[in-house]
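See below for the structure under consideration.
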Amino acid sequence: MKTALGLSLMFALTLTVCVQADDLILKTGAAAPDFKATATCGTEISLETFKEAEVLVIVFNCNTCPVAIAYEDRINELAKNFKDRNVALVTINNHRSETIEDMKKRVEEKGFVFPYAYEESGDSARAFGAKVTPHCFVLCKDRKVAYQGAIDDSQKDPKNHYVKDAIESLLEGKTVPVDYKPAFGCGIKFKQN
């Protein structure tokens, strides 16, 4: 029993990666790169798709990472809570082992109210500097990075809600109180080129 528990803990620790400030490709205030991804409904999406939104939240995510799974309901709640306040949220999956069909099933099972898109090449995640799932980017109206990193400070009982606070600040015309917190989750498994 101890061996199984030890192996499980070791496996969980090897899965979880933390993106540190030195690893950031986009700094606060940097213009967000454009992307092209295919939503589960079949529509191609890009930054232009969300041009009317006051705030755009992009979450690099997947179906299989335990950390990403733990955050699915919170991501969906964020989208629901801000839907009527001119905030758009999109998740992009770049994992090489997942398919758009897997994602369609997840959308149906979870009732996602936001676009869930697949971008096989991984170009979007690389351009943003996303290395883990989930990794969030909150963009202001000018599509500059206002916040990036973790959704909040705990998978189980969060006290600090970084993404929510960043959205609220932008909608109120205020400076985002925290512009970066290390994203943690499973490393994105990019397709081999």
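Note on naming: chains are A, B, ... as they come in the structure tokens, residues start from 1 per chain, ligands start from 1 in the order shown.
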
### Shell of 12 Å around range 67-76 of chain A, only C-alpha atoms, local chain residues under 2 positions omitted, as a PyMOL selection string
chain A and resi 12-13+15-18+57-65+78-83+88-93+106-107+109-116+132-136+150-158+161+163-164+183-188

Could you name the residues that touch Ala31 in chain A at 8 Å or less, counting only C-alpha atoms, but leaving out those on the same chain fewer than 6 positions away, as a PDB file with C-alpha atoms, in the first residue's frame?
```
ATOM      1  CA  ASP A 142      -6.478  46.468 -26.789  1.00  0.00           C
ATOM      2  CA  ARG A 143      -5.580  42.754 -26.551  1.00  0.00           C
ATOM      3  CA  LYS A 144      -2.572  43.346 -24.404  1.00  0.00           C
ATOM      4  CA  VAL A 145      -1.694  40.998 -21.574  1.00  0.00           C
TER       5      VAL A 145
END
```

### Task
Can you list, as a PyMOL selection string, all residues belonging to range 78-121 of chain A that DSSP tags as helix (DSSP H, G or I)?
chain A and resi 78-85+100-110

### Query
Per DSSP on the backbone, what are the strand (DSSP E or B) residues of chain A, as JSON, numbers by chain?
{"A": [16, 17, 18, 19, 31, 37, 38, 39, 44, 45, 55, 56, 57, 58, 59, 60, 61, 87, 88, 89, 90, 91, 92, 93, 116, 117, 118, 132, 133, 135, 136, 137, 138, 139, 144, 145, 146, 147, 148, 149, 180, 181, 183, 184, 185, 186, 187]}

### Query
If you measure from CA of Ser46 in chain A to CA of Asp102 in chain A, what distance in Å do you get, rounded to one decimal?
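Pair CA of Ser46 in chain A / CA of Asp102 in chain A returns 21.3 Å.
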
### Task
Rounded to one decimal place, report the CA of Arg96 in chain A-CA of Glu48 in chain A distance in Å.
25.3 Å

#### Entry: Distance of CA of Lys191 in chain A from CA of Leu56 in chain A, expressed in Å to one decimal place
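Going from CA of Leu56 in chain A over to CA of Lys191 in chain A, I get 26.3 Å.
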
### Message
Would you pick out the contacts of Glu168 in chain A at 12 Å or less, using only C-alpha atoms, so that residues sharing its chain but fewer than 6 positions from it are not included, and give the list as a PyMOL selection string?
### Response
chain A and resi 54-55+78+81-82+85-87+138+140+146-147+161-162+174-178

Create the file for the chosen residues now, containing C-alpha atoms and written as a tab-separated table (two decimals), in the first residue's frame.
```
chain	number	residue	atom	x	y	z
A	54	GLU	CA	-14.14	44.26	-23.52
A	55	VAL	CA	-12.00	41.53	-21.95
A	78	LEU	CA	-16.13	32.27	-14.85
A	81	ASN	CA	-20.58	34.88	-14.51
A	82	PHE	CA	-19.06	37.32	-16.99
A	85	ARG	CA	-20.61	41.77	-19.01
A	86	ASN	CA	-18.93	41.72	-22.43
A	87	VAL	CA	-16.23	39.26	-21.41
A	138	VAL	CA	-6.42	37.90	-19.45
A	140	CYS	CA	-7.64	44.01	-22.11
A	146	ALA	CA	-3.08	42.32	-18.29
A	147	TYR	CA	-2.66	39.09	-16.32
A	161	HIS	CA	-9.04	34.54	-7.45
A	162	TYR	CA	-6.47	36.04	-9.80
A	174	LYS	CA	-8.62	49.92	-12.83
A	175	THR	CA	-5.10	48.53	-12.84
A	176	VAL	CA	-5.01	44.78	-12.38
A	177	PRO	CA	-3.87	44.15	-8.78
A	178	VAL	CA	-1.80	41.06	-9.60
```

### Message
Given only C-alpha atoms as the basis, pick out the residue of A:Leu26, A:Phe50, A:Arg126, A:Glu98 nearest to Gln148 in chain A.
### Response
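Once distances to Gln148 in chain A are computed over only C-alpha atoms, the minimum belongs to A:Leu26.
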